[in-house]
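**Q** Following this line is input_24.csv, made up of CSV, C-alpha atoms:
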```
chain,number,residue,atom,x,y,z
A,808,MET,CA,176.2,60.6,4.1
A,809,PRO,CA,174.1,62.7,1.7
A,810,VAL,CA,175.9,65.4,-0.2
A,811,TRP,CA,174.0,68.3,1.2
A,812,LEU,CA,174.8,67.2,4.8
A,813,GLN,CA,178.4,67.0,3.9
A,814,LEU,CA,178.3,70.5,2.5
A,815,ILE,CA,176.7,71.9,5.7
A,816,LEU,CA,179.2,70.1,7.9
A,817,ARG,CA,182.2,71.2,5.8
A,818,THR,CA,181.0,74.8,5.7
A,819,LEU,CA,180.6,74.9,9.5
A,820,GLY,CA,184.0,73.3,9.9
A,821,VAL,CA,185.7,75.9,7.7
A,822,LEU,CA,183.9,78.7,9.4
A,823,LEU,CA,184.9,77.5,12.9
A,824,PHE,CA,188.4,77.1,11.8
A,825,SER,CA,188.5,80.6,10.2
A,826,ALA,CA,186.9,82.2,13.3
A,827,VAL,CA,189.5,80.6,15.6
A,828,TRP,CA,192.4,81.3,13.3
A,829,LEU,CA,191.6,84.9,12.6
A,830,ARG,CA,191.5,85.5,16.3
A,831,LEU,CA,194.9,83.9,16.6
A,832,LEU,CA,196.2,86.2,13.8
A,833,GLY,CA,195.7,89.2,16.1
A,834,ARG,CA,194.3,92.6,15.8
A,835,LYS,CA,196.8,94.1,13.4
A,836,MET,CA,195.5,91.9,10.6
A,837,ALA,CA,192.0,92.9,11.4
A,838,ALA,CA,192.9,96.5,11.3
A,839,GLY,CA,194.1,95.9,7.7
A,840,MET,CA,196.8,98.4,8.0
A,841,ALA,CA,199.0,97.4,5.1
A,842,THR,CA,198.2,96.2,1.6
A,843,PHE,CA,199.6,92.8,2.5
A,844,ASP,CA,197.1,92.4,5.3
A,845,ARG,CA,194.1,93.1,3.1
A,846,VAL,CA,195.3,90.7,0.3
A,847,TYR,CA,196.1,88.1,2.9
A,848,LEU,CA,192.7,88.2,4.4
A,849,VAL,CA,191.0,88.1,1.0
A,850,GLY,CA,193.1,85.1,0.0
A,851,PHE,CA,192.2,83.4,3.3
A,852,GLY,CA,188.6,83.9,2.6
A,853,VAL,CA,188.8,82.6,-1.0
A,854,ILE,CA,190.5,79.4,0.1
A,855,ALA,CA,188.0,78.9,2.9
A,856,ALA,CA,185.1,79.4,0.6
A,857,LEU,CA,186.5,77.1,-2.1
A,858,LEU,CA,187.1,74.5,0.6
A,859,ALA,CA,183.6,74.8,1.9
A,860,LEU,CA,182.1,74.4,-1.5
A,861,ASN,CA,184.3,71.3,-2.1
A,862,GLN,CA,185.9,72.9,-5.2
A,863,ILE,CA,189.4,71.6,-4.2
A,864,ARG,CA,190.1,67.9,-5.1
A,865,PRO,CA,191.2,66.2,-2.9
A,866,PRO,CA,189.8,68.3,-0.1
A,867,LEU,CA,192.7,67.5,2.1
A,868,LEU,CA,194.9,69.6,-0.1
A,869,GLY,CA,192.4,72.5,0.5
A,870,TRP,CA,192.8,72.1,4.3
A,871,LEU,CA,196.5,72.0,3.8
A,872,ALA,CA,196.4,75.2,1.8
A,873,LEU,CA,194.3,76.9,4.4
A,874,LEU,CA,196.6,75.8,7.2
A,875,THR,CA,199.7,77.0,5.3
A,876,TRP,CA,198.1,80.3,4.6
A,877,GLY,CA,197.1,80.6,8.2
A,878,LEU,CA,200.5,79.6,9.6
A,879,THR,CA,202.3,82.0,7.3
A,880,GLY,CA,200.1,84.8,8.6
A,881,ILE,CA,200.9,84.0,12.2
A,882,ALA,CA,204.6,83.6,11.4
A,883,TYR,CA,204.6,87.0,9.7
A,884,SER,CA,203.0,88.6,12.7
A,885,TYR,CA,205.6,87.3,15.0
A,886,LEU,CA,208.5,88.1,12.7
A,887,ALA,CA,207.3,91.6,12.1
A,888,LEU,CA,207.2,92.0,15.9
A,889,LYS,CA,210.7,90.9,16.4
A,890,SER,CA,212.5,92.3,13.4
A,891,LYS,CA,212.0,95.8,12.1
A,892,TRP,CA,213.6,94.9,8.8
A,893,VAL,CA,210.9,92.3,8.1
A,894,ARG,CA,208.3,94.7,9.0
A,895,ASP,CA,209.6,97.5,6.8
A,896,LEU,CA,210.0,95.0,3.9
A,897,VAL,CA,206.4,93.7,4.0
A,898,HIS,CA,204.5,96.5,5.6
A,899,GLY,CA,206.5,99.4,4.2
A,900,LYS,CA,207.6,102.7,5.9
A,901,GLU,CA,205.6,105.8,6.3
A,902,ALA,CA,206.6,108.7,4.0
A,903,VAL,CA,206.5,112.3,5.0
A,904,VAL,CA,204.8,114.1,2.1
A,905,ILE,CA,204.3,117.5,3.5
A,906,LYS,CA,206.8,119.0,5.9
A,907,HIS,CA,206.6,122.5,7.4
A,908,GLY,CA,203.8,123.3,5.0
A,909,LYS,CA,205.9,122.4,1.9
A,910,VAL,CA,205.1,119.5,-0.3
A,911,MET,CA,208.0,117.0,-0.6
A,912,GLU,CA,207.7,116.2,-4.3
A,913,GLU,CA,210.5,113.6,-4.2
A,914,GLN,CA,208.6,111.6,-1.6
A,915,LEU,CA,205.4,111.9,-3.6
A,916,LYS,CA,207.3,110.4,-6.6
A,917,THR,CA,208.6,107.6,-4.4
A,918,VAL,CA,205.1,106.6,-3.3
A,919,ARG,CA,203.9,107.1,-6.9
A,920,PHE,CA,201.3,109.6,-6.0
A,921,THR,CA,200.3,112.5,-8.3
A,922,PRO,CA,199.5,115.9,-6.9
A,923,GLU,CA,195.8,115.2,-7.8
A,924,ASP,CA,196.0,112.0,-5.7
A,925,LEU,CA,197.4,114.0,-2.8
A,926,LEU,CA,194.7,116.6,-3.0
A,927,GLN,CA,192.1,113.8,-3.1
A,928,GLN,CA,193.4,112.2,0.0
A,929,LEU,CA,193.5,115.5,1.8
A,930,ARG,CA,189.9,116.2,0.9
A,931,LYS,CA,189.0,112.9,2.4
A,932,ARG,CA,190.2,114.4,5.6
A,933,GLN,CA,188.1,117.5,5.1
A,934,ILE,CA,191.2,119.5,4.2
A,935,PHE,CA,190.7,121.6,1.1
A,936,ASN,CA,193.7,124.0,1.4
A,937,VAL,CA,197.1,122.5,1.2
A,938,ALA,CA,198.1,125.8,2.8
A,939,ASP,CA,196.4,124.7,6.0
A,940,VAL,CA,198.6,121.6,6.4
A,941,GLU,CA,201.7,121.8,8.5
A,942,PHE,CA,202.7,118.2,8.4
A,943,ALA,CA,201.4,115.2,6.4
A,944,VAL,CA,202.4,111.5,6.5
A,945,MET,CA,201.6,108.8,3.9
A,946,GLU,CA,200.9,105.6,5.8
A,947,ALA,CA,201.8,102.2,4.5
A,948,ASN,CA,198.3,101.6,3.2
A,949,GLY,CA,198.2,104.7,1.1
A,950,GLU,CA,196.2,106.8,3.5
A,951,ILE,CA,197.3,110.3,4.4
A,952,SER,CA,197.4,111.5,8.0
A,953,ALA,CA,197.5,115.3,8.1
A,954,LEU,CA,198.3,117.7,10.9
A,955,VAL,CA,196.8,121.1,10.3
A,956,LYS,CA,198.4,124.3,11.2
A,957,SER,CA,197.8,125.4,14.8
A,958,ASN,CA,195.5,128.3,13.9
A,959,ARG,CA,193.3,125.9,12.1
A,960,GLN,CA,193.0,123.5,15.0
A,961,PRO,CA,189.7,123.4,16.8
A,962,LEU,CA,189.5,125.4,20.0
A,963,THR,CA,190.2,123.6,23.2
A,964,ALA,CA,189.6,124.6,26.8
A,965,GLN,CA,193.3,125.0,27.2
A,966,HIS,CA,193.3,127.7,24.5
A,967,LEU,CA,190.7,129.7,26.3
A,968,GLY,CA,192.4,129.3,29.6
A,969,VAL,CA,189.3,127.7,31.0
A,970,GLU,CA,190.0,125.4,33.9
A,971,THR,CA,188.4,122.0,33.6
A,972,ALA,CA,188.4,119.0,35.9
A,973,PRO,CA,190.6,116.2,34.7
A,974,GLU,CA,188.5,113.7,32.7
A,975,VAL,CA,188.7,110.3,34.3
A,976,GLY,CA,187.2,107.4,32.4
A,977,VAL,CA,183.6,106.4,32.5
A,978,GLN,CA,182.6,102.8,33.1
A,979,ALA,CA,179.5,100.9,31.9
A,980,VAL,CA,178.1,99.2,34.9
A,981,ILE,CA,174.9,97.7,33.6
A,982,LEU,CA,174.8,96.2,30.1
A,983,ASP,CA,171.6,94.6,28.7
A,984,GLY,CA,170.1,94.4,32.2
A,985,ASN,CA,173.2,92.6,33.7
A,986,ILE,CA,175.1,94.3,36.6
A,987,LEU,CA,178.8,94.2,35.9
A,988,ASP,CA,180.8,94.0,39.2
A,989,GLU,CA,184.3,94.5,37.7
A,990,PRO,CA,183.7,98.1,36.3
A,991,LEU,CA,182.1,99.0,39.6
A,992,ALA,CA,185.1,97.7,41.5
A,993,THR,CA,187.4,99.7,39.2
A,994,LEU,CA,185.5,102.8,40.3
A,995,GLY,CA,185.7,101.8,43.9
A,996,LEU,CA,182.0,101.1,44.2
A,997,ASN,CA,179.8,98.1,44.6
A,998,ARG,CA,176.4,96.7,43.9
A,999,GLY,CA,175.0,98.1,47.1
A,1000,TRP,CA,175.9,101.7,46.1
A,1001,LEU,CA,174.4,101.1,42.6
A,1002,GLU,CA,171.2,99.8,44.1
A,1003,THR,CA,170.9,102.7,46.4
A,1004,GLU,CA,171.5,105.2,43.6
A,1005,LEU,CA,168.9,103.5,41.4
A,1006,LYS,CA,166.4,103.6,44.3
A,1007,LYS,CA,167.2,107.3,44.7
A,1008,ILE,CA,165.9,108.0,41.2
A,1009,GLY,CA,163.1,105.5,41.6
A,1010,VAL,CA,164.2,102.9,39.1
A,1011,GLN,CA,164.2,99.1,39.5
A,1012,PRO,CA,167.5,97.5,38.6
A,1013,GLU,CA,165.7,95.0,36.4
A,1014,ASN,CA,164.4,97.9,34.3
A,1015,VAL,CA,167.8,99.2,33.3
A,1016,PHE,CA,169.1,98.4,29.9
A,1017,LEU,CA,172.3,100.4,30.1
A,1018,ALA,CA,174.0,102.3,32.9
A,1019,GLN,CA,177.2,104.2,33.0
A,1020,VAL,CA,179.0,105.9,36.0
A,1021,ASP,CA,181.7,108.5,35.6
A,1022,ALA,CA,184.5,109.1,38.0
A,1023,MET,CA,182.5,111.6,40.0
A,1024,GLY,CA,179.9,109.1,40.8
A,1025,GLU,CA,177.3,110.5,38.4
A,1026,LEU,CA,175.0,107.8,37.2
A,1027,TYR,CA,173.4,107.8,33.7
A,1028,VAL,CA,170.6,105.3,33.1
A,1029,ASP,CA,168.8,104.0,30.1
A,1030,LEU,CA,165.7,101.9,30.7
A,1031,PHE,CA,164.1,99.1,28.7
A,1032,ASP,CA,160.9,101.0,28.6
A,1033,ASP,CA,161.7,104.2,26.7
A,1034,ALA,CA,158.4,105.8,27.6
A,1035,ILE,CA,159.5,106.4,31.2
A,1036,GLN,CA,161.5,109.6,31.8
A,1037,VAL,CA,164.5,109.4,34.0
A,1038,PRO,CA,165.5,112.6,35.8
A,1039,LYS,CA,168.9,113.9,34.5
A,1040,PRO,CA,171.7,113.8,37.0
A,1041,THR,CA,171.8,117.2,38.6
A,1042,THR,CA,173.5,116.8,42.0
A,1043,ARG,CA,176.5,118.6,40.8
A,1044,LYS,CA,174.7,121.6,39.4
A,1045,LEU,CA,172.5,121.6,42.5
A,1046,LEU,CA,175.5,121.9,44.7
A,1047,LEU,CA,176.8,124.9,42.7
A,1048,THR,CA,173.4,126.6,42.9
A,1049,THR,CA,173.2,125.9,46.7
A,1050,LEU,CA,176.5,127.5,47.2
A,1051,GLU,CA,175.6,130.6,45.1
A,1052,LYS,CA,172.3,131.0,46.9
A,1053,ALA,CA,174.1,130.8,50.3
A,1054,ARG,CA,176.5,133.5,49.2
A,1055,ALA,CA,173.7,135.8,48.1
A,1056,ASP,CA,171.8,135.2,51.3
A,1057,LEU,CA,174.8,135.9,53.5
A,1058,GLU,CA,175.3,139.2,51.8
A,1059,SER,CA,171.7,140.1,52.4
A,1060,TYR,CA,171.9,139.1,56.0
A,1061,SER,CA,174.9,141.4,56.3
A,1062,LEU,CA,172.7,144.3,55.0
A,1063,ASP,CA,169.7,143.4,57.1
A,1064,THR,CA,171.4,143.2,60.5
A,1065,ASP,CA,172.1,146.3,62.6
A,1066,ASN,CA,174.7,144.6,64.7
A,1067,PRO,CA,178.1,145.8,63.3
A,1068,LYS,CA,180.0,142.7,64.4
A,1069,ALA,CA,177.3,140.5,62.8
A,1070,LYS,CA,177.6,142.6,59.6
A,1071,LYS,CA,181.3,142.0,59.4
A,1072,MET,CA,180.9,138.3,60.2
A,1073,TYR,CA,178.3,137.8,57.5
A,1074,GLN,CA,180.4,139.6,54.9
A,1075,GLN,CA,183.4,137.5,55.8
A,1076,CYS,CA,181.3,134.3,55.4
A,1077,ALA,CA,180.1,135.6,52.0
A,1078,ARG,CA,183.7,136.2,50.9
A,1079,GLU,CA,184.7,132.7,52.0
A,1080,ILE,CA,181.8,131.1,50.1
A,1081,ALA,CA,182.8,133.2,47.1
A,1082,SER,CA,186.3,131.8,47.2
A,1083,ILE,CA,184.9,128.3,47.6
A,1084,LEU,CA,182.7,128.8,44.6
A,1085,TYR,CA,185.7,129.9,42.6
A,1086,ASP,CA,187.6,126.7,43.5
A,1087,ALA,CA,184.6,124.4,43.1
A,1088,ARG,CA,183.1,125.7,39.9
A,1089,PRO,CA,185.5,123.9,37.5
A,1090,LEU,CA,185.0,120.6,39.4
A,1091,LEU,CA,181.2,120.8,39.4
A,1092,LYS,CA,180.6,122.1,35.9
B,708,MET,CA,160.3,134.2,57.8
B,709,THR,CA,162.3,135.6,60.5
B,710,THR,CA,166.0,136.3,60.0
B,711,TYR,CA,166.7,133.6,62.5
B,712,SER,CA,165.0,130.9,60.5
B,713,LYS,CA,166.6,132.2,57.3
B,714,VAL,CA,170.1,132.1,58.8
B,715,LYS,CA,169.4,128.6,60.2
B,716,GLN,CA,168.3,127.4,56.8
B,717,THR,CA,171.4,128.8,55.1
B,718,PHE,CA,173.5,127.1,57.8
B,719,LEU,CA,171.8,123.8,57.2
B,720,ASP,CA,172.2,124.1,53.4
B,721,LEU,CA,175.9,124.8,53.7
B,722,LYS,CA,176.3,121.9,56.1
B,723,SER,CA,174.6,119.6,53.6
B,724,ALA,CA,176.7,121.0,50.8
B,725,LYS,CA,179.8,120.2,52.8
B,726,ALA,CA,178.6,116.6,53.3
B,727,THR,CA,178.0,116.2,49.5
B,728,LEU,CA,181.5,117.5,48.8
B,729,GLU,CA,182.9,115.0,51.2
B,730,GLN,CA,180.9,112.3,49.5
B,731,TYR,CA,182.3,113.3,46.2
B,732,ALA,CA,185.8,113.2,47.7
B,733,LEU,CA,185.2,109.5,48.6
B,734,ILE,CA,184.0,108.6,45.1
B,735,ALA,CA,186.2,110.7,42.9
B,736,GLY,CA,189.6,109.8,41.6
B,737,GLU,CA,192.8,110.8,43.3
B,738,GLU,CA,193.4,114.3,41.9
B,739,ASN,CA,189.8,115.4,42.3
B,740,ALA,CA,189.4,113.8,45.7
B,741,ARG,CA,192.1,116.0,47.2
B,742,SER,CA,190.4,119.2,45.8
B,743,PHE,CA,187.1,118.2,47.2
B,744,ARG,CA,188.5,117.6,50.6
B,745,GLU,CA,190.3,120.9,50.5
B,746,ILE,CA,187.1,122.7,49.6
B,747,ALA,CA,185.1,120.9,52.3
B,748,ARG,CA,187.7,121.8,54.8
B,749,LYS,CA,187.5,125.5,53.8
B,750,MET,CA,183.8,125.5,54.5
B,751,GLU,CA,184.4,124.7,58.2
B,752,PRO,CA,185.2,128.3,59.4
B,753,THR,CA,182.0,129.7,57.8
B,754,LEU,CA,179.9,127.0,59.3
B,755,GLN,CA,181.4,127.6,62.8
B,756,ARG,CA,180.8,131.3,62.6
B,757,LEU,CA,177.2,130.8,61.5
B,758,ASP,CA,176.7,128.3,64.2
B,759,ARG,CA,177.9,130.8,66.8
B,760,ARG,CA,175.7,133.5,65.4
B,761,ILE,CA,172.7,131.3,65.5
B,762,ARG,CA,173.4,130.4,69.1
B,763,SER,CA,173.8,134.0,70.1
B,764,MET,CA,170.5,134.8,68.4
B,765,GLU,CA,168.9,132.0,70.3
B,766,PHE,CA,170.4,133.4,73.5
B,767,GLU,CA,169.0,136.9,72.8
B,768,GLU,CA,165.6,135.8,71.8
B,769,PRO,CA,164.8,132.5,73.6
B,770,GLN,CA,161.4,132.2,71.9
B,771,TYR,CA,163.2,131.4,68.6
B,772,ARG,CA,164.8,128.3,69.9
B,773,GLY,CA,163.7,125.2,68.1
B,774,SER,CA,162.0,126.9,65.2
```
Mind turning the file's structure into structure tokens?
**A**
Amino acid sequence: MPVWLQLILRTLGVLLFSAVWLRLLGRKMAAGMATFDRVYLVGFGVIAALLALNQIRPPLLGWLALLTWGLTGIAYSYLALKSKWVRDLVHGKEAVVIKHGKVMEEQLKTVRFTPEDLLQQLRKRQIFNVADVEFAVMEANGEISALVKSNRQPLTAQHLGVETAPEVGVQAVILDGNILDEPLATLGLNRGWLETELKKIGVQPENVFLAQVDAMGELYVDLFDDAIQVPKPTTRKLLLTTLEKARADLESYSLDTDNPKAKKMYQQCAREIASILYDARPLLK
Amino acid sequence: MTTYSKVKQTFLDLKSAKATLEQYALIAGEENARSFREIARKMEPTLQRLDRRIRSMEFEEPQYRGS
């Protein structure tokens, strides 16, 4: 067999092995959380590359090295899962470097960080004042996770006392033109519903590149042909507007009529609609 | 537009709004579904009153009926 063909076959073989093995290693390695994970992956890559380039004589030793490297990785993953001691030994423990707004100098020394390093890591998190930090943890890979003081936290609806409807997940129901039945079923819908909704906005299912549905049944659609404008989903706002108009109309009917009983009746209706608006507004916003 | 036709239009709009809310109640998740059903239920008295008023208007002025 010619050398170049051998090379191609060997490279493909190594890549296939690596792809399968790296999936077996699990997501934690992929996340590269600890220094060991990163070094491990680099080492794996180097051995795989050398093997592909036939730099290891005899090549069988190279495959053995790759296999050993791979098996150790998997063994470590499982051991770390079962034994906290193993995990702490290899992965390392988190160190609290700022507590209650005070820098823990001893901890900094333990992780061998200088104050300049601390400031640099904080700046990476867009924190320029140590005074803003309530609590900061140094993770096993040297990154700092900082919790800022509550008056520096971004505003949330809860702070303002604004009532919001609970956010329930959104599902992608069409990806790359294919209708996905499982997400639809999760939302309690089916293809028939989707096709009806698409017909309502005048869009052919084949033209849809991406479609998402939220828990309120609101459909967002992106078409293959970007020139076509799709109407934005407005049913919710329309409902709110309808209710508000009805209330205004009822109040004007109450003024228009001469019949005192009718007057009172219209006013009562207007009040009821107002109360309904109050309840419905957070849900329909 | 006569008052009669305006009131009738409002009545129909509210009826359709109630139907939309019930539709949302079917699609939405559990917490929201309950709220939607509650609101739809609260619209019932208003709808009934308007309906009665429309009928009495039709009774008083028979020429309006069907407009």
**Q** Counting only C-alpha atoms, what is within 10 Å of Pro752 (chain B), bar same-chain residues fewer than 6 positions away, as a VMD selection string?
**A** (chain A and resid 1076 1079) or (chain B and resid 758)
**Q** Do you have the CA of Lys1052 (chain A)-CA of Ile746 (chain B) distance handy?
**A** 17.2 Å
**Q** Identify every residue of chain B that has at least one atom within 8 Å of any atom of chain A, counting only C-alpha atoms, and report the result as a ChimeraX atom specification.
**A** /B:710,714,717,720-721,724,727,731,734-736,738-739,743,746,749-750,753,756,760
**Q** Which residue is closest to Met836 (chain A)? Choose from A:Ala887, A:Lys956, A:Pro865, A:Leu823 and count all atoms listed in the file.
**A** A:Ala887
**Q** Do you have the CA of Val977 (chain A)-CA of Val1010 (chain A) distance handy?
**A**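 Separation of CA of Val977 (chain A) and CA of Val1010 (chain A): 20.8 Å.
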**Q** Kindly give the distance, in Å, that separates CA of Gly869 (chain A) and CA of Arg894 (chain A), rounded to a single decimal.
**A**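 One can read the CA of Gly869 (chain A) to CA of Arg894 (chain A) distance as 28.6 Å.
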**Q** Would you pick out the contacts of Leu991 (chain A) at 12 Å or less, using all atoms listed in the file, so that residues sharing its chain but fewer than 2 positions from it are not included, and give the list as a list in words?
**A**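 So the residues in contact are Val977, Gln978, Ala979, Val980, Ile981, Ile986, Leu987, Asp988, Glu989, Thr993, Leu994, Gly995, Leu996, Asn997, Arg998, Gly999, Trp1000, Leu1001, Glu1002, Ala1018, Gln1019, Val1020, Asp1021, Ala1022, Gly1024 and Leu1026 of chain A; Ile734 of chain B.
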**Q** Next, write the just-selected residues to a file, as a PDB file, keeping the file's coordinate frame, keeping C-alpha atoms as the atom set.
**A**
```
ATOM      1  CA  VAL A 977     183.600 106.400  32.500  1.00  0.00           C
ATOM      2  CA  GLN A 978     182.600 102.800  33.100  1.00  0.00           C
ATOM      3  CA  ALA A 979     179.500 100.900  31.900  1.00  0.00           C
ATOM      4  CA  VAL A 980     178.100  99.200  34.900  1.00  0.00           C
ATOM      5  CA  ILE A 981     174.900  97.700  33.600  1.00  0.00           C
ATOM      6  CA  ILE A 986     175.100  94.300  36.600  1.00  0.00           C
ATOM      7  CA  LEU A 987     178.800  94.200  35.900  1.00  0.00           C
ATOM      8  CA  ASP A 988     180.800  94.000  39.200  1.00  0.00           C
ATOM      9  CA  GLU A 989     184.300  94.500  37.700  1.00  0.00           C
ATOM     10  CA  THR A 993     187.400  99.700  39.200  1.00  0.00           C
ATOM     11  CA  LEU A 994     185.500 102.800  40.300  1.00  0.00           C
ATOM     12  CA  GLY A 995     185.700 101.800  43.900  1.00  0.00           C
ATOM     13  CA  LEU A 996     182.000 101.100  44.200  1.00  0.00           C
ATOM     14  CA  ASN A 997     179.800  98.100  44.600  1.00  0.00           C
ATOM     15  CA  ARG A 998     176.400  96.700  43.900  1.00  0.00           C
ATOM     16  CA  GLY A 999     175.000  98.100  47.100  1.00  0.00           C
ATOM     17  CA  TRP A1000     175.900 101.700  46.100  1.00  0.00           C
ATOM     18  CA  LEU A1001     174.400 101.100  42.600  1.00  0.00           C
ATOM     19  CA  GLU A1002     171.200  99.800  44.100  1.00  0.00           C
ATOM     20  CA  ALA A1018     174.000 102.300  32.900  1.00  0.00           C
ATOM     21  CA  GLN A1019     177.200 104.200  33.000  1.00  0.00           C
ATOM     22  CA  VAL A1020     179.000 105.900  36.000  1.00  0.00           C
ATOM     23  CA  ASP A1021     181.700 108.500  35.600  1.00  0.00           C
ATOM     24  CA  ALA A1022     184.500 109.100  38.000  1.00  0.00           C
ATOM     25  CA  GLY A1024     179.900 109.100  40.800  1.00  0.00           C
ATOM     26  CA  LEU A1026     175.000 107.800  37.200  1.00  0.00           C
TER      27      LEU A1026
ATOM     28  CA  ILE B 734     184.000 108.600  45.100  1.00  0.00           C
TER      29      ILE B 734
END
```
**Q** Show which residues sit within 9 Å of Phe1016 (chain A), as a list in words. Count only C-alpha atoms, and ignore same-chain residues fewer than 5 positions away.
**A** Ile981, Leu982, Asp983, Gly984, Asn985, Val1028, Asp1029, Leu1030, Phe1031 and Asp1032 of chain A
**Q** Using only C-alpha atoms, pick whichever of A:Ser884, A:Ser957, A:Thr818, A:Thr875 has the shortest atom-to-atom distance to Ala856 (chain A).
**A** A:Thr818
